[in-house]
Amino acid sequence: MRRTTRGLALVALVALAGTALAQDKVPTVKEIMARLNKPGGLYPAMSKALKSDSVDWDDIRLQAKAFVKMADALGKNAPPVGETASWAKLTKAYAENARALEDAAGKKDRAGASAARARLGGESCKSCHAAHKKQ
Ligand code: HEC
């Protein structure tokens with residue numbers, strides 16, 4: 001039962017992440033942040049899944065794939081504030097880390113996936129917000 005509920009939640013999450021893209025328009029930064037980083041988003045979901053005693057790699061791979069799409073879309077937006085060059089650099093790093101996470105998930109490499117996951121959070125949130133989010 002638990003497993004089914006979690007599976008359904010995951011499908012909903014991934015479907016949601018795909019919606020904006022299916023409409024063939026680039027999701028806004030706010031939409032991307034909501035789907036990736038807000039509570040209930042892919043980032044907290046993957047963080048939790050990677051800490052689990054028995055990692056479900058099929059789940060993580062699906063999540064990572066959806067994450068990469070959204071992370072790629074981030075750099076297609078203009079930054080709300082701040083320098084374009086800085087935005088290009090930060091969004092590129094973000095997308096690369098997302099890809100590293102997807103690659104590691106493909107290899108069931110827990111250490112690699114966890115390291116990439118860590119690079120997608122913490123300081124990376126703070127420094128990008130400091131430079132590009134209206135305070
Ligand atoms: C590469 C840049 C970048 C990174 C990395 C980033 N963010 Fe953001 N985030 C933004 C920008 C820019 C906004 C402001 C969007 C706007 O106001 O249009 C934002 C907005 C947000 C919001 C508010 C969304 C809303 O509905 O107003 C939340 C919550 C958020 N980010 C969480 C996070 C967390 C948590 C992380 C790290 C795990 C993170 N972000 C990483 C650029 C980034």
# chains A, B, ... in the order shown; residues from 1 in each chain; ligands from 1
$ residues_near_ligand --ligand "ligand 1" --cutoff "6 Å" --atoms "only C-alpha atoms and all ligand atoms" --output "ChimeraX atom specification"
/A:29-30,33-34,37-38,79-80,90-91,94,120-122,124-125,128-129,132-133
$ residues_around --residues "stretch 48-52 of chain A" --least-positions-apart "4" --cutoff "12 Å" --atoms "only C-alpha atoms" --output "ChimeraX atom specification"
/A:6,10,39-44,56-64,101,104-105,108-118
$ write_last_selection --atoms "N, CA and C atoms" --output "CSV table (one decimal), in the first residue's frame"
chain,number,residue,atom,x,y,z
A,6,ARG,N,3.3,5.8,-2.9
A,6,ARG,CA,4.5,6.5,-3.3
A,6,ARG,C,4.7,6.5,-4.8
A,10,LEU,N,4.8,9.8,-7.3
A,10,LEU,CA,6.0,10.0,-8.2
A,10,LEU,C,5.5,10.2,-9.6
A,39,PRO,N,8.8,22.6,-1.3
A,39,PRO,CA,8.4,21.3,-0.6
A,39,PRO,C,7.4,20.6,-1.6
A,40,GLY,N,7.6,19.3,-1.7
A,40,GLY,CA,6.8,18.5,-2.7
A,40,GLY,C,7.4,18.4,-4.1
A,41,GLY,N,8.5,19.2,-4.3
A,41,GLY,CA,9.1,19.2,-5.6
A,41,GLY,C,10.1,18.0,-5.8
A,42,LEU,N,10.7,18.0,-6.9
A,42,LEU,CA,11.6,16.8,-7.3
A,42,LEU,C,12.9,16.8,-6.4
A,43,TYR,N,13.4,18.0,-6.1
A,43,TYR,CA,14.6,18.0,-5.3
A,43,TYR,C,14.5,17.4,-3.9
A,44,PRO,N,13.5,17.8,-3.1
A,44,PRO,CA,13.3,17.2,-1.8
A,44,PRO,C,12.9,15.7,-2.0
A,56,ASP,N,15.5,3.1,-4.5
A,56,ASP,CA,14.8,2.6,-5.7
A,56,ASP,C,15.3,3.3,-6.9
A,57,TRP,N,16.2,2.7,-7.6
A,57,TRP,CA,16.9,3.4,-8.7
A,57,TRP,C,16.0,3.7,-9.9
A,58,ASP,N,14.9,2.9,-10.0
A,58,ASP,CA,14.0,3.2,-11.1
A,58,ASP,C,13.3,4.6,-10.8
A,59,ASP,N,12.9,4.7,-9.6
A,59,ASP,CA,12.3,6.0,-9.1
A,59,ASP,C,13.3,7.2,-9.4
A,60,ILE,N,14.5,7.0,-8.9
A,60,ILE,CA,15.5,8.1,-9.0
A,60,ILE,C,15.8,8.4,-10.4
A,61,ARG,N,15.8,7.4,-11.3
A,61,ARG,CA,16.1,7.7,-12.7
A,61,ARG,C,15.0,8.5,-13.3
A,62,LEU,N,13.8,8.2,-13.0
A,62,LEU,CA,12.6,8.9,-13.5
A,62,LEU,C,12.7,10.4,-13.1
A,63,GLN,N,12.9,10.5,-11.8
A,63,GLN,CA,13.0,11.9,-11.2
A,63,GLN,C,14.1,12.7,-11.8
A,64,ALA,N,15.3,12.0,-11.9
A,64,ALA,CA,16.4,12.7,-12.4
A,64,ALA,C,16.2,13.2,-13.9
A,101,LEU,N,23.8,13.8,-11.9
A,101,LEU,CA,22.9,13.0,-11.0
A,101,LEU,C,22.2,12.0,-11.9
A,104,ALA,N,24.7,9.2,-12.7
A,104,ALA,CA,25.0,8.4,-11.6
A,104,ALA,C,23.9,7.5,-11.3
A,105,ALA,N,22.6,8.0,-11.4
A,105,ALA,CA,21.5,7.2,-11.2
A,105,ALA,C,21.4,6.0,-12.2
A,108,LYS,N,23.5,3.4,-10.9
A,108,LYS,CA,23.2,3.0,-9.5
A,108,LYS,C,24.3,3.4,-8.6
A,109,ASP,N,25.0,4.5,-8.8
A,109,ASP,CA,26.1,5.0,-8.1
A,109,ASP,C,25.6,5.9,-7.0
A,110,ARG,N,25.5,5.4,-5.8
A,110,ARG,CA,24.9,6.2,-4.7
A,110,ARG,C,25.7,7.3,-4.3
A,111,ALA,N,27.0,7.1,-4.2
A,111,ALA,CA,27.9,8.2,-3.8
A,111,ALA,C,27.9,9.3,-4.8
A,112,GLY,N,28.0,8.9,-6.1
A,112,GLY,CA,28.0,9.9,-7.2
A,112,GLY,C,26.7,10.7,-7.2
A,113,ALA,N,25.6,10.0,-7.1
A,113,ALA,CA,24.3,10.6,-7.1
A,113,ALA,C,24.1,11.6,-5.9
A,114,SER,N,24.6,11.2,-4.8
A,114,SER,CA,24.5,12.0,-3.6
A,114,SER,C,25.3,13.2,-3.7
A,115,ALA,N,26.5,13.1,-4.3
A,115,ALA,CA,27.4,14.2,-4.4
A,115,ALA,C,26.8,15.2,-5.4
A,116,ALA,N,26.2,14.8,-6.5
A,116,ALA,CA,25.6,15.7,-7.4
A,116,ALA,C,24.4,16.3,-6.8
A,117,ARG,N,23.6,15.6,-6.0
A,117,ARG,CA,22.5,16.1,-5.3
A,117,ARG,C,22.9,17.2,-4.4
A,118,ALA,N,24.0,17.0,-3.7
A,118,ALA,CA,24.5,18.1,-2.8
A,118,ALA,C,24.9,19.3,-3.5
$ atom_distance --atom1 "atom CA of A:Lys107" --atom2 "atom CA of A:Met46"
15.8 Å
$ select_by_dssp --residues "stretch 65-134 of chain A" --states "alpha helix (DSSP H)" --output "PDB file with N, CA and C atoms, in the first residue's frame"
ATOM      1  N   LYS A  65      15.556  12.362 -14.643  1.00  0.00           N
ATOM      2  CA  LYS A  65      15.287  12.695 -16.034  1.00  0.00           C
ATOM      3  C   LYS A  65      14.403  13.946 -16.122  1.00  0.00           C
ATOM      4  N   ALA A  66      13.351  13.958 -15.322  1.00  0.00           N
ATOM      5  CA  ALA A  66      12.455  15.118 -15.302  1.00  0.00           C
ATOM      6  C   ALA A  66      13.199  16.349 -14.786  1.00  0.00           C
ATOM      7  N   PHE A  67      14.085  16.119 -13.817  1.00  0.00           N
ATOM      8  CA  PHE A  67      14.867  17.208 -13.231  1.00  0.00           C
ATOM      9  C   PHE A  67      15.759  17.850 -14.302  1.00  0.00           C
ATOM     10  N   VAL A  68      16.413  17.017 -15.101  1.00  0.00           N
ATOM     11  CA  VAL A  68      17.309  17.531 -16.143  1.00  0.00           C
ATOM     12  C   VAL A  68      16.546  18.439 -17.115  1.00  0.00           C
ATOM     13  N   LYS A  69      15.355  18.020 -17.508  1.00  0.00           N
ATOM     14  CA  LYS A  69      14.544  18.828 -18.432  1.00  0.00           C
ATOM     15  C   LYS A  69      14.270  20.202 -17.853  1.00  0.00           C
ATOM     16  N   MET A  70      13.876  20.215 -16.583  1.00  0.00           N
ATOM     17  CA  MET A  70      13.554  21.488 -15.942  1.00  0.00           C
ATOM     18  C   MET A  70      14.813  22.327 -15.745  1.00  0.00           C
ATOM     19  N   ALA A  71      15.904  21.677 -15.385  1.00  0.00           N
ATOM     20  CA  ALA A  71      17.156  22.405 -15.159  1.00  0.00           C
ATOM     21  C   ALA A  71      17.640  23.023 -16.477  1.00  0.00           C
ATOM     22  N   ASP A  72      17.480  22.299 -17.580  1.00  0.00           N
ATOM     23  CA  ASP A  72      17.852  22.854 -18.884  1.00  0.00           C
ATOM     24  C   ASP A  72      17.001  24.082 -19.207  1.00  0.00           C
ATOM     25  N   ALA A  73      15.723  24.006 -18.856  1.00  0.00           N
ATOM     26  CA  ALA A  73      14.801  25.107 -19.159  1.00  0.00           C
ATOM     27  C   ALA A  73      15.149  26.370 -18.361  1.00  0.00           C
ATOM     28  N   LEU A  74      15.747  26.195 -17.198  1.00  0.00           N
ATOM     29  CA  LEU A  74      16.088  27.349 -16.352  1.00  0.00           C
ATOM     30  C   LEU A  74      16.959  28.330 -17.128  1.00  0.00           C
ATOM     31  N   THR A  84      23.626  38.869 -16.941  1.00  0.00           N
ATOM     32  CA  THR A  84      23.351  37.741 -17.829  1.00  0.00           C
ATOM     33  C   THR A  84      24.485  36.707 -17.799  1.00  0.00           C
ATOM     34  N   ALA A  85      25.728  37.186 -17.745  1.00  0.00           N
ATOM     35  CA  ALA A  85      26.870  36.258 -17.773  1.00  0.00           C
ATOM     36  C   ALA A  85      26.872  35.368 -16.531  1.00  0.00           C
ATOM     37  N   SER A  86      26.579  35.960 -15.385  1.00  0.00           N
ATOM     38  CA  SER A  86      26.532  35.195 -14.142  1.00  0.00           C
ATOM     39  C   SER A  86      25.393  34.167 -14.191  1.00  0.00           C
ATOM     40  N   TRP A  87      24.262  34.597 -14.708  1.00  0.00           N
ATOM     41  CA  TRP A  87      23.106  33.701 -14.840  1.00  0.00           C
ATOM     42  C   TRP A  87      23.441  32.520 -15.748  1.00  0.00           C
ATOM     43  N   ALA A  88      24.113  32.815 -16.864  1.00  0.00           N
ATOM     44  CA  ALA A  88      24.474  31.761 -17.810  1.00  0.00           C
ATOM     45  C   ALA A  88      25.387  30.739 -17.125  1.00  0.00           C
ATOM     46  N   LYS A  89      26.335  31.238 -16.343  1.00  0.00           N
ATOM     47  CA  LYS A  89      27.288  30.360 -15.678  1.00  0.00           C
ATOM     48  C   LYS A  89      26.578  29.486 -14.622  1.00  0.00           C
ATOM     49  N   LEU A  90      25.747  30.121 -13.805  1.00  0.00           N
ATOM     50  CA  LEU A  90      25.078  29.375 -12.724  1.00  0.00           C
ATOM     51  C   LEU A  90      24.068  28.357 -13.257  1.00  0.00           C
ATOM     52  N   THR A  91      23.318  28.761 -14.294  1.00  0.00           N
ATOM     53  CA  THR A  91      22.311  27.827 -14.812  1.00  0.00           C
ATOM     54  C   THR A  91      22.986  26.669 -15.564  1.00  0.00           C
ATOM     55  N   LYS A  92      24.147  26.958 -16.170  1.00  0.00           N
ATOM     56  CA  LYS A  92      24.880  25.892 -16.860  1.00  0.00           C
ATOM     57  C   LYS A  92      25.385  24.870 -15.834  1.00  0.00           C
ATOM     58  N   ALA A  93      25.953  25.377 -14.736  1.00  0.00           N
ATOM     59  CA  ALA A  93      26.445  24.487 -13.684  1.00  0.00           C
ATOM     60  C   ALA A  93      25.288  23.662 -13.114  1.00  0.00           C
ATOM     61  N   TYR A  94      24.152  24.315 -12.932  1.00  0.00           N
ATOM     62  CA  TYR A  94      22.977  23.630 -12.382  1.00  0.00           C
ATOM     63  C   TYR A  94      22.549  22.480 -13.297  1.00  0.00           C
ATOM     64  N   ALA A  95      22.484  22.769 -14.601  1.00  0.00           N
ATOM     65  CA  ALA A  95      22.086  21.738 -15.565  1.00  0.00           C
ATOM     66  C   ALA A  95      23.128  20.613 -15.617  1.00  0.00           C
ATOM     67  N   GLU A  96      24.394  20.965 -15.503  1.00  0.00           N
ATOM     68  CA  GLU A  96      25.448  19.934 -15.532  1.00  0.00           C
ATOM     69  C   GLU A  96      25.362  19.024 -14.302  1.00  0.00           C
ATOM     70  N   ASN A  97      25.097  19.629 -13.168  1.00  0.00           N
ATOM     71  CA  ASN A  97      24.961  18.818 -11.957  1.00  0.00           C
ATOM     72  C   ASN A  97      23.744  17.905 -12.036  1.00  0.00           C
ATOM     73  N   ALA A  98      22.679  18.415 -12.653  1.00  0.00           N
ATOM     74  CA  ALA A  98      21.478  17.586 -12.831  1.00  0.00           C
ATOM     75  C   ALA A  98      21.807  16.393 -13.725  1.00  0.00           C
ATOM     76  N   ARG A  99      22.593  16.656 -14.762  1.00  0.00           N
ATOM     77  CA  ARG A  99      22.987  15.589 -15.677  1.00  0.00           C
ATOM     78  C   ARG A  99      23.893  14.574 -14.971  1.00  0.00           C
ATOM     79  N   ALA A 100      24.780  15.066 -14.127  1.00  0.00           N
ATOM     80  CA  ALA A 100      25.662  14.180 -13.360  1.00  0.00           C
ATOM     81  C   ALA A 100      24.833  13.272 -12.451  1.00  0.00           C
ATOM     82  N   LEU A 101      23.789  13.841 -11.897  1.00  0.00           N
ATOM     83  CA  LEU A 101      22.890  13.046 -11.049  1.00  0.00           C
ATOM     84  C   LEU A 101      22.187  11.971 -11.871  1.00  0.00           C
ATOM     85  N   GLU A 102      21.734  12.349 -13.051  1.00  0.00           N
ATOM     86  CA  GLU A 102      21.058  11.371 -13.918  1.00  0.00           C
ATOM     87  C   GLU A 102      22.031  10.246 -14.319  1.00  0.00           C
ATOM     88  N   ASP A 103      23.249  10.620 -14.679  1.00  0.00           N
ATOM     89  CA  ASP A 103      24.258   9.620 -15.065  1.00  0.00           C
ATOM     90  C   ASP A 103      24.535   8.657 -13.916  1.00  0.00           C
ATOM     91  N   ALA A 104      24.741   9.226 -12.720  1.00  0.00           N
ATOM     92  CA  ALA A 104      25.034   8.402 -11.554  1.00  0.00           C
ATOM     93  C   ALA A 104      23.857   7.469 -11.254  1.00  0.00           C
ATOM     94  N   ALA A 105      22.640   7.986 -11.423  1.00  0.00           N
ATOM     95  CA  ALA A 105      21.453   7.156 -11.174  1.00  0.00           C
ATOM     96  C   ALA A 105      21.416   5.993 -12.165  1.00  0.00           C
ATOM     97  N   GLY A 106      21.818   6.260 -13.395  1.00  0.00           N
ATOM     98  CA  GLY A 106      21.858   5.216 -14.417  1.00  0.00           C
ATOM     99  C   GLY A 106      22.823   4.101 -14.035  1.00  0.00           C
ATOM    100  N   ARG A 110      25.461   5.378  -5.820  1.00  0.00           N
ATOM    101  CA  ARG A 110      24.860   6.156  -4.742  1.00  0.00           C
ATOM    102  C   ARG A 110      25.735   7.338  -4.333  1.00  0.00           C
ATOM    103  N   ALA A 111      27.044   7.108  -4.223  1.00  0.00           N
ATOM    104  CA  ALA A 111      27.943   8.185  -3.803  1.00  0.00           C
ATOM    105  C   ALA A 111      27.934   9.305  -4.839  1.00  0.00           C
ATOM    106  N   GLY A 112      28.005   8.932  -6.105  1.00  0.00           N
ATOM    107  CA  GLY A 112      28.007   9.925  -7.175  1.00  0.00           C
ATOM    108  C   GLY A 112      26.707  10.707  -7.219  1.00  0.00           C
ATOM    109  N   ALA A 113      25.596   9.994  -7.079  1.00  0.00           N
ATOM    110  CA  ALA A 113      24.283  10.643  -7.119  1.00  0.00           C
ATOM    111  C   ALA A 113      24.130  11.583  -5.928  1.00  0.00           C
ATOM    112  N   SER A 114      24.595  11.152  -4.772  1.00  0.00           N
ATOM    113  CA  SER A 114      24.460  11.975  -3.567  1.00  0.00           C
ATOM    114  C   SER A 114      25.323  13.227  -3.669  1.00  0.00           C
ATOM    115  N   ALA A 115      26.517  13.067  -4.255  1.00  0.00           N
ATOM    116  CA  ALA A 115      27.411  14.219  -4.411  1.00  0.00           C
ATOM    117  C   ALA A 115      26.792  15.237  -5.372  1.00  0.00           C
ATOM    118  N   ALA A 116      26.242  14.758  -6.483  1.00  0.00           N
ATOM    119  CA  ALA A 116      25.606  15.661  -7.449  1.00  0.00           C
ATOM    120  C   ALA A 116      24.388  16.323  -6.806  1.00  0.00           C
ATOM    121  N   ARG A 117      23.650  15.560  -6.043  1.00  0.00           N
ATOM    122  CA  ARG A 117      22.483  16.092  -5.347  1.00  0.00           C
ATOM    123  C   ARG A 117      22.897  17.233  -4.414  1.00  0.00           C
ATOM    124  N   ALA A 118      23.998  17.023  -3.698  1.00  0.00           N
ATOM    125  CA  ALA A 118      24.466  18.054  -2.763  1.00  0.00           C
ATOM    126  C   ALA A 118      24.853  19.333  -3.513  1.00  0.00           C
ATOM    127  N   ARG A 119      25.457  19.161  -4.699  1.00  0.00           N
ATOM    128  CA  ARG A 119      25.869  20.346  -5.474  1.00  0.00           C
ATOM    129  C   ARG A 119      24.669  21.110  -6.015  1.00  0.00           C
ATOM    130  N   GLU A 123      24.564  25.808  -0.926  1.00  0.00           N
ATOM    131  CA  GLU A 123      25.220  27.027  -1.418  1.00  0.00           C
ATOM    132  C   GLU A 123      24.740  27.419  -2.812  1.00  0.00           C
ATOM    133  N   SER A 124      24.436  26.426  -3.625  1.00  0.00           N
ATOM    134  CA  SER A 124      24.026  26.742  -4.998  1.00  0.00           C
ATOM    135  C   SER A 124      22.693  27.501  -4.986  1.00  0.00           C
ATOM    136  N   CYS A 125      21.770  27.123  -4.115  1.00  0.00           N
ATOM    137  CA  CYS A 125      20.514  27.884  -3.979  1.00  0.00           C
ATOM    138  C   CYS A 125      20.841  29.310  -3.540  1.00  0.00           C
ATOM    139  N   LYS A 126      21.674  29.400  -2.494  1.00  0.00           N
ATOM    140  CA  LYS A 126      21.933  30.705  -1.874  1.00  0.00           C
ATOM    141  C   LYS A 126      22.629  31.654  -2.832  1.00  0.00           C
ATOM    142  N   SER A 127      23.676  31.163  -3.511  1.00  0.00           N
ATOM    143  CA  SER A 127      24.428  32.098  -4.347  1.00  0.00           C
ATOM    144  C   SER A 127      23.601  32.525  -5.556  1.00  0.00           C
ATOM    145  N   CYS A 128      22.807  31.630  -6.105  1.00  0.00           N
ATOM    146  CA  CYS A 128      21.992  32.039  -7.246  1.00  0.00           C
ATOM    147  C   CYS A 128      20.906  33.020  -6.793  1.00  0.00           C
ATOM    148  N   HIS A 129      20.291  32.757  -5.658  1.00  0.00           N
ATOM    149  CA  HIS A 129      19.253  33.679  -5.177  1.00  0.00           C
ATOM    150  C   HIS A 129      19.848  35.045  -4.857  1.00  0.00           C
ATOM    151  N   ALA A 130      21.042  35.049  -4.253  1.00  0.00           N
ATOM    152  CA  ALA A 130      21.673  36.323  -3.892  1.00  0.00           C
ATOM    153  C   ALA A 130      21.905  37.171  -5.141  1.00  0.00           C
ATOM    154  N   ALA A 131      22.269  36.528  -6.242  1.00  0.00           N
ATOM    155  CA  ALA A 131      22.601  37.274  -7.457  1.00  0.00           C
ATOM    156  C   ALA A 131      21.382  37.537  -8.340  1.00  0.00           C
ATOM    157  N   HIS A 132      20.392  36.644  -8.318  1.00  0.00           N
ATOM    158  CA  HIS A 132      19.365  36.708  -9.363  1.00  0.00           C
ATOM    159  C   HIS A 132      17.910  36.692  -8.903  1.00  0.00           C
TER     160      HIS A 132
END
$ closest_residue --among "A:Lys76, A:Gln135, A:Glu83, A:Val14" --to "A:Pro27" --atoms "only C-alpha atoms"
A:Lys76
$ atom_distance --atom1 "atom CA of A:Ala9" --atom2 "atom CA of A:Glu31"
18.7 Å
